[in-house]
Structures are given as structure tokens and as C-alpha cells.
Amino acid sequence: MTPAHFNAPLKSATAFAPATVANIATGFDILGFAIHNLGDRISMTRLERPEVKIESISGLASSTAITLDPAQNTAGVPLLKMIQELGLNFGFSMRIEKGIPLGSGLGGSAASAVGAVVAAHALLPQELKNKLTKERLIHFALEGEAIASGSKHADNIAPCLYGGLTLSHPGDDPDVTVLPYPKTLAVIVVHPEMRLDTKKARGVLKPDLFLKTHIQQSSHLAALVAGCCTSQFHLIKKGLVDLIIEPQRAHLIPGFYEVKRAALESGVLGCSISGAGPSVFAFAESMQIAEHAKNAMIQAFKAHGKMEAQGWVSEVNSDGARVVEAE
Ligand code: HSE
């Protein structure tokens with residue numbers, strides 16, 4: 001017989017939610033992937049009343065800029081929605097530890113939203129927990145992203161929750177597909193010491209484009225997806241050429257084209273803006289090329305953008321957000 005305490009709900013849980021790179025050059029608002037070594041940690045306990053409290057936000061000096069009001073916070077909003085939609089008679093109190101720099105284009109708001117949902121999910125009664133698949137959890141996390149960027153796109157949320165490289169659809173039904181990718185694919189992410197507001201970066205985009213540009217960009221997007229699915233690096237290289245978004249946002253990132261040139265000269269497959277920027281990412285065929293490119297990109301930010309920068313090299317993170325401590 002199962003001991004009575006076995007099915008007792010957990011009292012506390014901590015989730016780690018990884019940083020993510022959205023868009024991947026040609027998949028604006030629909031493609032994204034998760035990386036290793038960088039992310040947010042959300043520690044959650046249950047409250048007796050159905051309410052949400054944010055006890056603290058720590059980790060980064062600028063995290064004081066984030067509101068503790070759950071109704072305005074990217075991690076608070078999904079939990080308020082969860083309590084309301086599931087009719088929970090208890091609530092959640094959380095501590096947020098920001099590892100992802102704010103306004104970096106590395107999916108910080110998505111990580112806090114996903115981390116909160118994953119940690120809260122761990123505290124639900126077992127029966128409810130079983131019913132709440134990732135397909136349902138993503139809807140709660142999306143509510144947090146909508147607060148942050150003003151639009152419901154899952155290109156950071158989906159890879160953060162599912163891990164790997166994901167295709168999702170904008171709007172209320174993201175219908176996520178986790179795509180295959182070459183196992184040796186190396187990822188470089190470089191973050192210059194500046195913040196860029198996602199709403200501002202979306203605000204510079206023109207609403208129209210020429211049919212010819214649409215056709216060319218579609219062929220690049222198809223090449224990227226096909227190249228990832230079939231491990232053909234020459235297709236991935238073709239797919240990393242963005243004719244629409246990058247040219248409109250490059251001026252927001254001092255030294256962007258020099259950083260990109262430094263990456264390409266180091267032998268990467270392609271390089272573009274990570275999400276809404278200012279971070280820049282690149283794909284390489286090996287870790288060795290990636291390490292070399294990372295250093296060259298950091299130097300280029302210093303020389304041409306007049307900014308210090310920090311870089312990471314990793315494989316694509318196939319795990320996604322997960323509970324790392326529970327009791
Ligand atoms: N796809 C989004 C953008 C990512 O580039 O604006 C940031 O939420």
C-alpha cells in the first residue's frame with residue numbers, strides 16, 4: 001500500500017528556467033532554442049489563501065527595476081491566471097533569482113514566467129499535476145510574456161519550457177513542435193552591456209514588405225528548418241540570412257555589423273540578433289570554432305561598440321525548464 005505521505009503535495013519547489021534565443025535570424029516570432037549555463041531560478045512555496053506574492057527578486061543589480069506587484073510581473077501574472085482558471089483554493093509565494101540580464105534579448109521574461117509555472121506545477125495535488133501537460137502550461141506562461149512584450153509569441157517561452165529547438169505559432173494556440181537539430185551544433189551567444197526594450201525593438205519594424213523579399217526570406221526559413229531537421233550545415237548557413245528584421249534593428253546595437261563580421265570571419269555558419277537584441281548569437285559546426293568566434297565577437301563589441309560584453313558557448317539545451325529542488 002502507498003504510504004499516506006507519498007502523495008502529499010510538496011511544500012516547496014525550485015525551478016531552473018534556461019535562457020533562450022528567439023527568432024534564429026529568419027524565424028521571427030516562431031523559432032527559438034534554449035541554451036545551457038544561463039537562466040533564472042524561481043523558488044516557490046504554497047500559501048493558504050489563493051493569492052500570489054513575490055517575496056524578492058535578486059541576482060542582478062538591475063533586478064530592483066522589476067516590479068514586485070504580481071499583477072504586473074511576468075512571473076506573477078501566469079500564477080494569478082493559474083489560480084483563477086484551475087479554481088485553486090491555495091496560492092503561491094515566490095523568490096525570483098535573475099540570472100539572465102534584463103533587456104538582453106535572451107528570454108529573461110520568458111524564463112521567469114516559465115520558471116514560475118514549472119515550480120508552481122510541482123506544488124499542485126498529484127491528480128491536477130498529471131492533467132496539466134506542457135501544452136496546457138504554456139498558456140499560463142504566455143500570459144506573462146504578453147505583459148513583457150505586448151504580444152503573445154512563444155518563441156522564447158516554448159524552447160524554455162520544452163527545451164531544444166522549437167517551432168511555435170503566434171497568438172493563443174502556439175501548437176509547439178520540438179524540431180531535430182544536428183547533435184554537434186555549437187551555439188555562441190554574446191551579450192553587450194546594454195539594455196534594449198523589446199517594445200522599442202518591435203516598434204522600429206515596418207508593417208509591410210515586398211513580395212520578392214517575402215519569397216526570399218521564406219526560402220531562407222525553409223532552408224534553416226530543413227537543414228536543422230536533416231543535419232545539413234550548408235542549408236543552415238543559407239537559413240541564417242535575415243533580410244527583414246536584422247537590417248531594421250541593427251542600428252539599435254552599436255557595433256553590430258562589426259561583431260557579425262568577426263563571427264563570420266571566425267568560420268561560423270551564420271550570425272544574427274538574439275531575439276529583440278542587443279545580444280547576438282551564432283551557430284557553428286564545432287565547439288572549437290564557437291570558442292574562437294565568441295572571443296572575436298567580444299573583442300569586436302569592445303572595439304566598435306565601445307562596450308564590454310560577455311559570451312557563452314554551449315550545445316542547444318534539450319532539457320528546458322525543470323525542478324531542481326523540492327521538499
Ligand atoms: N520575437 C521577438 C522579437 C522576441 O524579436 O521581438 C522577443 O520577445
# chains A, B, ... in the order shown; residues from 1 in each chain; ligands from 1
call {"tool": "select_by_dssp", "arguments": {"residues": "segment 47-244 of chain A", "states": "helix (DSSP H, G or I)", "output": "PyMOL selection string"}}
result
chain A and resi 61-65+76-86+108-122+126-131+134-149+157-162+198-203+211-230+233-239
call {"tool": "residues_near_ligand", "arguments": {"ligand": "ligand 1", "cutoff": "10 Å", "atoms": "only C-alpha atoms and all ligand atoms", "output": "number ranges by chain"}}
result
A: 20-25, 27-32, 103-110, 145-146, 148-157, 170, 197-203, 205, 245-246, 249, 273-277
call {"tool": "select_by_dssp", "arguments": {"residues": "segment 221-309 of chain A", "states": "strand (DSSP E or B)", "output": "list in words"}}
result
Gly270, Cys271, Ser272, Ile273, Val280, Phe281, Ala282, Phe283, Ala284 and Ala309 of chain A
call {"tool": "write_last_selection", "arguments": {"atoms": "N, CA, C and O atoms", "output": "short mmCIF file (atom, residue, chain, number, x, y, z; two decimals), in the first residue's frame"}}
result
data_model
loop_
_atom_site.label_atom_id
_atom_site.label_comp_id
_atom_site.auth_asym_id
_atom_site.auth_seq_id
_atom_site.Cartn_x
_atom_site.Cartn_y
_atom_site.Cartn_z
N GLY A 270 26.53 31.23 -39.40
CA GLY A 270 25.73 32.45 -39.55
C GLY A 270 25.63 33.13 -38.21
O GLY A 270 25.90 32.51 -37.17
N CYS A 271 25.23 34.41 -38.26
CA CYS A 271 25.20 35.20 -37.03
C CYS A 271 24.10 36.24 -37.18
O CYS A 271 23.93 36.83 -38.25
N SER A 272 23.34 36.47 -36.12
CA SER A 272 22.29 37.48 -36.19
C SER A 272 21.95 37.94 -34.77
O SER A 272 22.60 37.56 -33.81
N ILE A 273 20.90 38.74 -34.67
CA ILE A 273 20.48 39.28 -33.37
C ILE A 273 19.73 38.20 -32.59
O ILE A 273 18.90 37.48 -33.17
N VAL A 280 23.76 38.97 -29.40
CA VAL A 280 23.97 38.46 -30.76
C VAL A 280 24.28 36.98 -30.62
O VAL A 280 24.95 36.57 -29.68
N PHE A 281 23.77 36.16 -31.54
CA PHE A 281 24.06 34.73 -31.47
C PHE A 281 24.68 34.27 -32.79
O PHE A 281 24.56 34.95 -33.81
N ALA A 282 25.32 33.12 -32.75
CA ALA A 282 25.83 32.49 -33.97
C ALA A 282 25.77 30.98 -33.79
O ALA A 282 25.75 30.48 -32.67
N PHE A 283 25.70 30.27 -34.92
CA PHE A 283 25.78 28.80 -34.92
C PHE A 283 27.11 28.42 -35.53
O PHE A 283 27.55 29.05 -36.51
N ALA A 284 27.74 27.38 -34.99
CA ALA A 284 28.99 26.89 -35.57
C ALA A 284 28.95 25.36 -35.66
O ALA A 284 28.16 24.72 -34.97
N ALA A 309 31.47 43.08 -23.11
CA ALA A 309 30.48 42.05 -23.48
C ALA A 309 30.86 40.74 -22.81
O ALA A 309 32.02 40.51 -22.45
#
call {"tool": "closest_residue", "arguments": {"among": "A:Gly171, A:Leu86, A:Pro50, A:Leu102", "to": "Leu132 of chain A", "atoms": "only C-alpha atoms"}}
result
A:Leu86
call {"tool": "closest_residue", "arguments": {"among": "A:His220, A:His121, A:Lys306, A:Arg95", "to": "Val323 of chain A", "atoms": "only C-alpha atoms"}}
result
A:His121
call {"tool": "residues_around", "arguments": {"residues": "Asn317 of chain A", "least_positions_apart": "5", "cutoff": "10 Å", "atoms": "only C-alpha atoms", "output": "list in words"}}
result
Pro18, Ala19, Thr20, Phe33, Ala34, Ile35, His36, Asn37, Pro159, Cys160, Tyr162, Gly163, Gly164, Leu165 and Val187 of chain A
call {"tool": "write_last_selection", "arguments": {"atoms": "N, CA, C and O atoms", "output": "PDB file, in the first residue's frame"}}
result
ATOM      1  N   PRO A  18      15.959  28.015 -18.447  1.00  0.00           N
ATOM      2  CA  PRO A  18      17.126  28.474 -19.206  1.00  0.00           C
ATOM      3  C   PRO A  18      16.876  29.716 -20.057  1.00  0.00           C
ATOM      4  O   PRO A  18      15.745  30.014 -20.443  1.00  0.00           O
ATOM      5  N   ALA A  19      17.980  30.400 -20.366  1.00  0.00           N
ATOM      6  CA  ALA A  19      17.938  31.492 -21.339  1.00  0.00           C
ATOM      7  C   ALA A  19      17.654  30.900 -22.726  1.00  0.00           C
ATOM      8  O   ALA A  19      17.952  29.729 -22.988  1.00  0.00           O
ATOM      9  N   THR A  20      17.060  31.707 -23.583  1.00  0.00           N
ATOM     10  CA  THR A  20      16.684  31.242 -24.919  1.00  0.00           C
ATOM     11  C   THR A  20      17.009  32.302 -25.972  1.00  0.00           C
ATOM     12  O   THR A  20      17.075  33.493 -25.672  1.00  0.00           O
ATOM     13  N   PHE A  33      15.510  28.595 -29.496  1.00  0.00           N
ATOM     14  CA  PHE A  33      16.186  27.451 -28.881  1.00  0.00           C
ATOM     15  C   PHE A  33      16.693  27.846 -27.505  1.00  0.00           C
ATOM     16  O   PHE A  33      16.887  29.037 -27.206  1.00  0.00           O
ATOM     17  N   ALA A  34      16.914  26.843 -26.663  1.00  0.00           N
ATOM     18  CA  ALA A  34      17.391  27.078 -25.296  1.00  0.00           C
ATOM     19  C   ALA A  34      18.891  26.835 -25.228  1.00  0.00           C
ATOM     20  O   ALA A  34      19.427  26.037 -26.004  1.00  0.00           O
ATOM     21  N   ILE A  35      19.554  27.556 -24.306  1.00  0.00           N
ATOM     22  CA  ILE A  35      20.996  27.347 -24.134  1.00  0.00           C
ATOM     23  C   ILE A  35      21.301  26.858 -22.712  1.00  0.00           C
ATOM     24  O   ILE A  35      20.432  26.881 -21.840  1.00  0.00           O
ATOM     25  N   HIS A  36      22.540  26.430 -22.511  1.00  0.00           N
ATOM     26  CA  HIS A  36      22.999  25.989 -21.182  1.00  0.00           C
ATOM     27  C   HIS A  36      23.675  27.135 -20.437  1.00  0.00           C
ATOM     28  O   HIS A  36      24.039  28.142 -21.041  1.00  0.00           O
ATOM     29  N   ASN A  37      23.892  26.938 -19.147  1.00  0.00           N
ATOM     30  CA  ASN A  37      24.758  27.797 -18.311  1.00  0.00           C
ATOM     31  C   ASN A  37      24.194  29.168 -17.962  1.00  0.00           C
ATOM     32  O   ASN A  37      24.893  29.986 -17.374  1.00  0.00           O
ATOM     33  N   PRO A 159      10.836  27.197 -26.266  1.00  0.00           N
ATOM     34  CA  PRO A 159      12.104  26.478 -26.012  1.00  0.00           C
ATOM     35  C   PRO A 159      12.462  26.450 -24.531  1.00  0.00           C
ATOM     36  O   PRO A 159      13.092  25.504 -24.067  1.00  0.00           O
ATOM     37  N   CYS A 160      12.046  27.471 -23.786  1.00  0.00           N
ATOM     38  CA  CYS A 160      12.345  27.494 -22.352  1.00  0.00           C
ATOM     39  C   CYS A 160      11.596  26.361 -21.651  1.00  0.00           C
ATOM     40  O   CYS A 160      12.146  25.657 -20.817  1.00  0.00           O
ATOM     41  N   TYR A 162       9.990  23.577 -23.203  1.00  0.00           N
ATOM     42  CA  TYR A 162      10.175  22.243 -23.794  1.00  0.00           C
ATOM     43  C   TYR A 162      11.645  21.852 -23.925  1.00  0.00           C
ATOM     44  O   TYR A 162      11.976  20.674 -24.038  1.00  0.00           O
ATOM     45  N   GLY A 163      12.530  22.860 -23.994  1.00  0.00           N
ATOM     46  CA  GLY A 163      13.932  22.588 -24.314  1.00  0.00           C
ATOM     47  C   GLY A 163      14.100  22.411 -25.808  1.00  0.00           C
ATOM     48  O   GLY A 163      13.131  22.336 -26.568  1.00  0.00           O
ATOM     49  N   GLY A 164      15.342  22.397 -26.260  1.00  0.00           N
ATOM     50  CA  GLY A 164      15.648  22.155 -27.670  1.00  0.00           C
ATOM     51  C   GLY A 164      15.364  23.336 -28.574  1.00  0.00           C
ATOM     52  O   GLY A 164      15.394  24.498 -28.152  1.00  0.00           O
ATOM     53  N   LEU A 165      15.069  22.997 -29.807  1.00  0.00           N
ATOM     54  CA  LEU A 165      14.791  23.978 -30.859  1.00  0.00           C
ATOM     55  C   LEU A 165      13.303  23.838 -31.188  1.00  0.00           C
ATOM     56  O   LEU A 165      12.839  22.740 -31.480  1.00  0.00           O
ATOM     57  N   VAL A 187      26.588  26.621 -30.235  1.00  0.00           N
ATOM     58  CA  VAL A 187      25.892  27.897 -30.173  1.00  0.00           C
ATOM     59  C   VAL A 187      26.771  28.925 -29.476  1.00  0.00           C
ATOM     60  O   VAL A 187      27.367  28.624 -28.445  1.00  0.00           O
TER      61      VAL A 187
END
call {"tool": "closest_atom_pairs", "arguments": {"of": "segment 74-115 of chain A", "to": "segment 135-144 of chain A", "cutoff": "12 Å", "atoms": "only C-alpha atoms", "output": "tab-separated table"}}
result
residue	atom	partner	partner_atom	distance
A:Thr74	CA	A:Gly144	CA	4.1
A:Ala75	CA	A:Gly144	CA	6.1
A:Gly76	CA	A:Gly144	CA	7.4
A:Val77	CA	A:Gly144	CA	5.5
A:Pro78	CA	A:Phe140	CA	4.6
A:Leu79	CA	A:Phe140	CA	7.2
A:Leu80	CA	A:Phe140	CA	8.9
A:Lys81	CA	A:Phe140	CA	6.4
A:Met82	CA	A:Phe140	CA	6.4
A:Ile83	CA	A:Phe140	CA	10.2
A:Gln84	CA	A:Phe140	CA	10.7
A:Glu85	CA	A:Phe140	CA	9.5
A:Leu86	CA	A:Phe140	CA	10.9
A:Gly107	CA	A:Gly144	CA	11.8
A:Gly108	CA	A:Gly144	CA	11.1
A:Ser109	CA	A:Gly144	CA	7.5
A:Ala110	CA	A:Gly144	CA	7.2
A:Ala111	CA	A:Ala141	CA	9.1
A:Ser112	CA	A:Gly144	CA	8.5
A:Ala113	CA	A:Ala141	CA	5.1
A:Val114	CA	A:Ala141	CA	5.4
A:Gly115	CA	A:Ala141	CA	8.7
call {"tool": "residues_around", "arguments": {"residues": "segment 52-60 of chain A", "least_positions_apart": "4", "cutoff": "9 Å", "atoms": "only C-alpha atoms", "output": "list in words"}}
result
Asp40, Leu47, Thr64, Ile66, Thr67, Leu68, Asp69, Pro70, Ala71, Asn73, Ala75, Gly76, Val77, Leu79, Leu80, Ile83, Gly91, Phe92, Ser93, Met94, Arg95, Ile96, Glu97, Lys98, Gly99, Ile100, Pro101 and Leu102 of chain A
call {"tool": "write_last_selection", "arguments": {"atoms": "C-alpha atoms", "output": "PDB file, in the first residue's frame"}}
result
ATOM      1  CA  ASP A  40      16.584  32.181 -13.837  1.00  0.00           C
ATOM      2  CA  LEU A  47       0.146  29.922   0.585  1.00  0.00           C
ATOM      3  CA  THR A  64      15.426  46.153  -8.444  1.00  0.00           C
ATOM      4  CA  ILE A  66      11.377  44.734 -11.723  1.00  0.00           C
ATOM      5  CA  THR A  67       8.019  45.191 -10.015  1.00  0.00           C
ATOM      6  CA  LEU A  68       7.022  43.011  -7.060  1.00  0.00           C
ATOM      7  CA  ASP A  69       3.362  43.530  -7.951  1.00  0.00           C
ATOM      8  CA  PRO A  70       2.245  40.078  -9.170  1.00  0.00           C
ATOM      9  CA  ALA A  71      -0.409  41.592 -11.456  1.00  0.00           C
ATOM     10  CA  ASN A  73       5.140  40.900 -13.129  1.00  0.00           C
ATOM     11  CA  ALA A  75       6.174  35.547 -13.237  1.00  0.00           C
ATOM     12  CA  GLY A  76       3.171  36.721 -11.206  1.00  0.00           C
ATOM     13  CA  VAL A  77       0.613  37.016 -13.999  1.00  0.00           C
ATOM     14  CA  LEU A  79       0.185  32.197 -11.482  1.00  0.00           C
ATOM     15  CA  LEU A  80      -2.786  34.527 -10.988  1.00  0.00           C
ATOM     16  CA  ILE A  83      -5.287  30.099  -9.642  1.00  0.00           C
ATOM     17  CA  GLY A  91      -1.810  30.343  -3.569  1.00  0.00           C
ATOM     18  CA  PHE A  92       1.886  30.768  -4.195  1.00  0.00           C
ATOM     19  CA  SER A  93       4.732  32.789  -2.777  1.00  0.00           C
ATOM     20  CA  MET A  94       7.947  33.036  -4.766  1.00  0.00           C
ATOM     21  CA  ARG A  95      11.518  34.263  -4.749  1.00  0.00           C
ATOM     22  CA  ILE A  96      12.963  35.101  -8.145  1.00  0.00           C
ATOM     23  CA  GLU A  97      16.693  34.873  -8.765  1.00  0.00           C
ATOM     24  CA  LYS A  98      17.528  36.542 -12.078  1.00  0.00           C
ATOM     25  CA  GLY A  99      20.493  35.020 -13.869  1.00  0.00           C
ATOM     26  CA  ILE A 100      19.534  36.384 -17.292  1.00  0.00           C
ATOM     27  CA  PRO A 101      20.470  40.041 -17.811  1.00  0.00           C
ATOM     28  CA  LEU A 102      17.444  42.329 -18.144  1.00  0.00           C
TER      29      LEU A 102
END
call {"tool": "atom_distance", "arguments": {"atom1": "atom CA of Ile298 of chain A", "atom2": "atom CA of Ala65 of chain A"}}
result
26.4 Å
call {"tool": "atom_distance", "arguments": {"atom1": "atom CA of Lys302 of chain A", "atom2": "atom CA of Pro278 of chain A"}}
result
14.0 Å
call {"tool": "residues_around", "arguments": {"residues": "Ile236 of chain A", "least_positions_apart": "4", "cutoff": "7 Å", "atoms": "only C-alpha atoms", "output": "list in words"}}
result
Ala223, Leu224, Gly227, Cys228, Gln232 and Leu240 of chain A
call {"tool": "decode", "arguments": {"residues": "segment 215-263 of chain A", "atoms": "N, CA and C atoms", "output": "PDB file, in the first residue's frame"}}
result
ATOM      1  N   ILE A 215       9.401  36.120 -50.452  1.00  0.00           N
ATOM      2  CA  ILE A 215       9.760  34.837 -51.082  1.00  0.00           C
ATOM      3  C   ILE A 215      11.197  34.441 -50.707  1.00  0.00           C
ATOM      4  N   GLN A 216      12.103  35.429 -50.795  1.00  0.00           N
ATOM      5  CA  GLN A 216      13.498  35.117 -50.445  1.00  0.00           C
ATOM      6  C   GLN A 216      13.622  34.692 -48.985  1.00  0.00           C
ATOM      7  N   GLN A 217      12.954  35.437 -48.122  1.00  0.00           N
ATOM      8  CA  GLN A 217      13.050  35.120 -46.687  1.00  0.00           C
ATOM      9  C   GLN A 217      12.418  33.751 -46.397  1.00  0.00           C
ATOM     10  N   SER A 218      11.315  33.445 -47.083  1.00  0.00           N
ATOM     11  CA  SER A 218      10.669  32.133 -46.875  1.00  0.00           C
ATOM     12  C   SER A 218      11.622  31.008 -47.254  1.00  0.00           C
ATOM     13  N   SER A 219      12.380  31.217 -48.334  1.00  0.00           N
ATOM     14  CA  SER A 219      13.315  30.157 -48.747  1.00  0.00           C
ATOM     15  C   SER A 219      14.420  29.999 -47.702  1.00  0.00           C
ATOM     16  N   HIS A 220      14.823  31.111 -47.077  1.00  0.00           N
ATOM     17  CA  HIS A 220      15.853  31.013 -46.037  1.00  0.00           C
ATOM     18  C   HIS A 220      15.302  30.287 -44.804  1.00  0.00           C
ATOM     19  N   LEU A 221      14.078  30.632 -44.422  1.00  0.00           N
ATOM     20  CA  LEU A 221      13.467  29.988 -43.254  1.00  0.00           C
ATOM     21  C   LEU A 221      13.306  28.483 -43.496  1.00  0.00           C
ATOM     22  N   ALA A 222      12.845  28.153 -44.711  1.00  0.00           N
ATOM     23  CA  ALA A 222      12.660  26.730 -45.044  1.00  0.00           C
ATOM     24  C   ALA A 222      14.007  26.013 -45.021  1.00  0.00           C
ATOM     25  N   ALA A 223      15.058  26.703 -45.516  1.00  0.00           N
ATOM     26  CA  ALA A 223      16.397  26.089 -45.524  1.00  0.00           C
ATOM     27  C   ALA A 223      16.876  25.848 -44.095  1.00  0.00           C
ATOM     28  N   LEU A 224      16.604  26.802 -43.215  1.00  0.00           N
ATOM     29  CA  LEU A 224      17.041  26.670 -41.821  1.00  0.00           C
ATOM     30  C   LEU A 224      16.361  25.472 -41.159  1.00  0.00           C
ATOM     31  N   VAL A 225      15.047  25.387 -41.343  1.00  0.00           N
ATOM     32  CA  VAL A 225      14.300  24.286 -40.719  1.00  0.00           C
ATOM     33  C   VAL A 225      14.719  22.942 -41.333  1.00  0.00           C
ATOM     34  N   ALA A 226      14.805  22.918 -42.675  1.00  0.00           N
ATOM     35  CA  ALA A 226      15.204  21.663 -43.340  1.00  0.00           C
ATOM     36  C   ALA A 226      16.622  21.277 -42.934  1.00  0.00           C
ATOM     37  N   GLY A 227      17.514  22.261 -42.882  1.00  0.00           N
ATOM     38  CA  GLY A 227      18.908  21.993 -42.515  1.00  0.00           C
ATOM     39  C   GLY A 227      19.020  21.444 -41.103  1.00  0.00           C
ATOM     40  N   CYS A 228      18.235  22.008 -40.190  1.00  0.00           N
ATOM     41  CA  CYS A 228      18.269  21.518 -38.801  1.00  0.00           C
ATOM     42  C   CYS A 228      17.708  20.098 -38.728  1.00  0.00           C
ATOM     43  N   CYS A 229      16.604  19.872 -39.433  1.00  0.00           N
ATOM     44  CA  CYS A 229      15.951  18.555 -39.355  1.00  0.00           C
ATOM     45  C   CYS A 229      16.788  17.454 -40.001  1.00  0.00           C
ATOM     46  N   THR A 230      17.595  17.816 -40.999  1.00  0.00           N
ATOM     47  CA  THR A 230      18.351  16.775 -41.727  1.00  0.00           C
ATOM     48  C   THR A 230      19.852  16.870 -41.468  1.00  0.00           C
ATOM     49  N   SER A 231      20.239  17.721 -40.531  1.00  0.00           N
ATOM     50  CA  SER A 231      21.661  17.914 -40.192  1.00  0.00           C
ATOM     51  C   SER A 231      22.501  18.299 -41.409  1.00  0.00           C
ATOM     52  N   GLN A 232      21.983  19.184 -42.227  1.00  0.00           N
ATOM     53  CA  GLN A 232      22.762  19.661 -43.382  1.00  0.00           C
ATOM     54  C   GLN A 232      23.225  21.094 -43.090  1.00  0.00           C
ATOM     55  N   PHE A 233      24.504  21.211 -42.763  1.00  0.00           N
ATOM     56  CA  PHE A 233      25.027  22.509 -42.345  1.00  0.00           C
ATOM     57  C   PHE A 233      24.969  23.558 -43.452  1.00  0.00           C
ATOM     58  N   HIS A 234      25.113  23.137 -44.720  1.00  0.00           N
ATOM     59  CA  HIS A 234      25.083  24.159 -45.789  1.00  0.00           C
ATOM     60  C   HIS A 234      23.691  24.806 -45.888  1.00  0.00           C
ATOM     61  N   LEU A 235      22.645  24.049 -45.533  1.00  0.00           N
ATOM     62  CA  LEU A 235      21.291  24.629 -45.540  1.00  0.00           C
ATOM     63  C   LEU A 235      21.102  25.550 -44.338  1.00  0.00           C
ATOM     64  N   ILE A 236      21.639  25.151 -43.218  1.00  0.00           N
ATOM     65  CA  ILE A 236      21.544  26.010 -42.016  1.00  0.00           C
ATOM     66  C   ILE A 236      22.211  27.354 -42.316  1.00  0.00           C
ATOM     67  N   LYS A 237      23.347  27.286 -42.998  1.00  0.00           N
ATOM     68  CA  LYS A 237      24.084  28.513 -43.350  1.00  0.00           C
ATOM     69  C   LYS A 237      23.197  29.431 -44.210  1.00  0.00           C
ATOM     70  N   LYS A 238      22.546  28.847 -45.217  1.00  0.00           N
ATOM     71  CA  LYS A 238      21.633  29.650 -46.058  1.00  0.00           C
ATOM     72  C   LYS A 238      20.495  30.231 -45.235  1.00  0.00           C
ATOM     73  N   GLY A 239      20.055  29.450 -44.273  1.00  0.00           N
ATOM     74  CA  GLY A 239      18.886  29.834 -43.481  1.00  0.00           C
ATOM     75  C   GLY A 239      19.145  30.928 -42.473  1.00  0.00           C
ATOM     76  N   LEU A 240      20.408  31.239 -42.222  1.00  0.00           N
ATOM     77  CA  LEU A 240      20.720  32.246 -41.203  1.00  0.00           C
ATOM     78  C   LEU A 240      20.907  33.640 -41.799  1.00  0.00           C
ATOM     79  N   VAL A 241      20.349  33.863 -42.963  1.00  0.00           N
ATOM     80  CA  VAL A 241      20.447  35.184 -43.599  1.00  0.00           C
ATOM     81  C   VAL A 241      19.082  35.868 -43.511  1.00  0.00           C
ATOM     82  N   ASP A 242      19.006  36.865 -42.645  1.00  0.00           N
ATOM     83  CA  ASP A 242      17.737  37.557 -42.382  1.00  0.00           C
ATOM     84  C   ASP A 242      17.662  38.854 -43.186  1.00  0.00           C
ATOM     85  N   LEU A 243      16.710  38.909 -44.108  1.00  0.00           N
ATOM     86  CA  LEU A 243      16.582  40.090 -44.980  1.00  0.00           C
ATOM     87  C   LEU A 243      15.587  41.108 -44.425  1.00  0.00           C
ATOM     88  N   ILE A 244      14.873  40.740 -43.375  1.00  0.00           N
ATOM     89  CA  ILE A 244      13.752  41.602 -42.950  1.00  0.00           C
ATOM     90  C   ILE A 244      13.987  42.286 -41.601  1.00  0.00           C
ATOM     91  N   ILE A 245      14.217  41.521 -40.562  1.00  0.00           N
ATOM     92  CA  ILE A 245      14.248  42.101 -39.206  1.00  0.00           C
ATOM     93  C   ILE A 245      15.633  42.687 -38.874  1.00  0.00           C
ATOM     94  N   GLU A 246      16.665  41.916 -39.131  1.00  0.00           N
ATOM     95  CA  GLU A 246      18.027  42.371 -38.757  1.00  0.00           C
ATOM     96  C   GLU A 246      18.393  43.735 -39.341  1.00  0.00           C
ATOM     97  N   PRO A 247      18.130  43.969 -40.642  1.00  0.00           N
ATOM     98  CA  PRO A 247      18.501  45.285 -41.183  1.00  0.00           C
ATOM     99  C   PRO A 247      17.755  46.447 -40.515  1.00  0.00           C
ATOM    100  N   GLN A 248      16.574  46.163 -39.982  1.00  0.00           N
ATOM    101  CA  GLN A 248      15.803  47.242 -39.347  1.00  0.00           C
ATOM    102  C   GLN A 248      16.207  47.485 -37.891  1.00  0.00           C
ATOM    103  N   ARG A 249      16.821  46.459 -37.279  1.00  0.00           N
ATOM    104  CA  ARG A 249      17.180  46.593 -35.858  1.00  0.00           C
ATOM    105  C   ARG A 249      18.676  46.816 -35.620  1.00  0.00           C
ATOM    106  N   ALA A 250      19.508  46.578 -36.624  1.00  0.00           N
ATOM    107  CA  ALA A 250      20.970  46.597 -36.424  1.00  0.00           C
ATOM    108  C   ALA A 250      21.442  47.909 -35.796  1.00  0.00           C
ATOM    109  N   HIS A 251      20.814  49.032 -36.200  1.00  0.00           N
ATOM    110  CA  HIS A 251      21.274  50.333 -35.696  1.00  0.00           C
ATOM    111  C   HIS A 251      21.046  50.500 -34.190  1.00  0.00           C
ATOM    112  N   LEU A 252      20.209  49.639 -33.602  1.00  0.00           N
ATOM    113  CA  LEU A 252      19.951  49.722 -32.159  1.00  0.00           C
ATOM    114  C   LEU A 252      21.100  49.107 -31.345  1.00  0.00           C
ATOM    115  N   ILE A 253      22.012  48.395 -32.044  1.00  0.00           N
ATOM    116  CA  ILE A 253      23.103  47.687 -31.351  1.00  0.00           C
ATOM    117  C   ILE A 253      24.437  48.242 -31.854  1.00  0.00           C
ATOM    118  N   PRO A 254      25.087  49.104 -31.062  1.00  0.00           N
ATOM    119  CA  PRO A 254      26.344  49.698 -31.528  1.00  0.00           C
ATOM    120  C   PRO A 254      27.392  48.620 -31.858  1.00  0.00           C
ATOM    121  N   GLY A 255      27.938  48.680 -33.068  1.00  0.00           N
ATOM    122  CA  GLY A 255      28.979  47.736 -33.481  1.00  0.00           C
ATOM    123  C   GLY A 255      28.432  46.426 -34.015  1.00  0.00           C
ATOM    124  N   PHE A 256      27.099  46.327 -34.221  1.00  0.00           N
ATOM    125  CA  PHE A 256      26.523  45.027 -34.619  1.00  0.00           C
ATOM    126  C   PHE A 256      27.193  44.429 -35.861  1.00  0.00           C
ATOM    127  N   TYR A 257      27.342  45.226 -36.921  1.00  0.00           N
ATOM    128  CA  TYR A 257      27.868  44.635 -38.168  1.00  0.00           C
ATOM    129  C   TYR A 257      29.329  44.203 -38.021  1.00  0.00           C
ATOM    130  N   GLU A 258      30.101  44.921 -37.201  1.00  0.00           N
ATOM    131  CA  GLU A 258      31.496  44.523 -36.965  1.00  0.00           C
ATOM    132  C   GLU A 258      31.539  43.219 -36.154  1.00  0.00           C
ATOM    133  N   VAL A 259      30.618  43.088 -35.207  1.00  0.00           N
ATOM    134  CA  VAL A 259      30.545  41.858 -34.406  1.00  0.00           C
ATOM    135  C   VAL A 259      30.171  40.681 -35.309  1.00  0.00           C
ATOM    136  N   LYS A 260      29.222  40.938 -36.187  1.00  0.00           N
ATOM    137  CA  LYS A 260      28.794  39.880 -37.105  1.00  0.00           C
ATOM    138  C   LYS A 260      29.949  39.492 -38.042  1.00  0.00           C
ATOM    139  N   ARG A 261      30.666  40.494 -38.544  1.00  0.00           N
ATOM    140  CA  ARG A 261      31.798  40.198 -39.425  1.00  0.00           C
ATOM    141  C   ARG A 261      32.847  39.370 -38.681  1.00  0.00           C
ATOM    142  N   ALA A 262      33.107  39.734 -37.422  1.00  0.00           N
ATOM    143  CA  ALA A 262      34.100  38.991 -36.629  1.00  0.00           C
ATOM    144  C   ALA A 262      33.674  37.526 -36.477  1.00  0.00           C
ATOM    145  N   ALA A 263      32.381  37.319 -36.289  1.00  0.00           N
ATOM    146  CA  ALA A 263      31.872  35.944 -36.141  1.00  0.00           C
ATOM    147  C   ALA A 263      32.044  35.176 -37.452  1.00  0.00           C
TER     148      ALA A 263
END
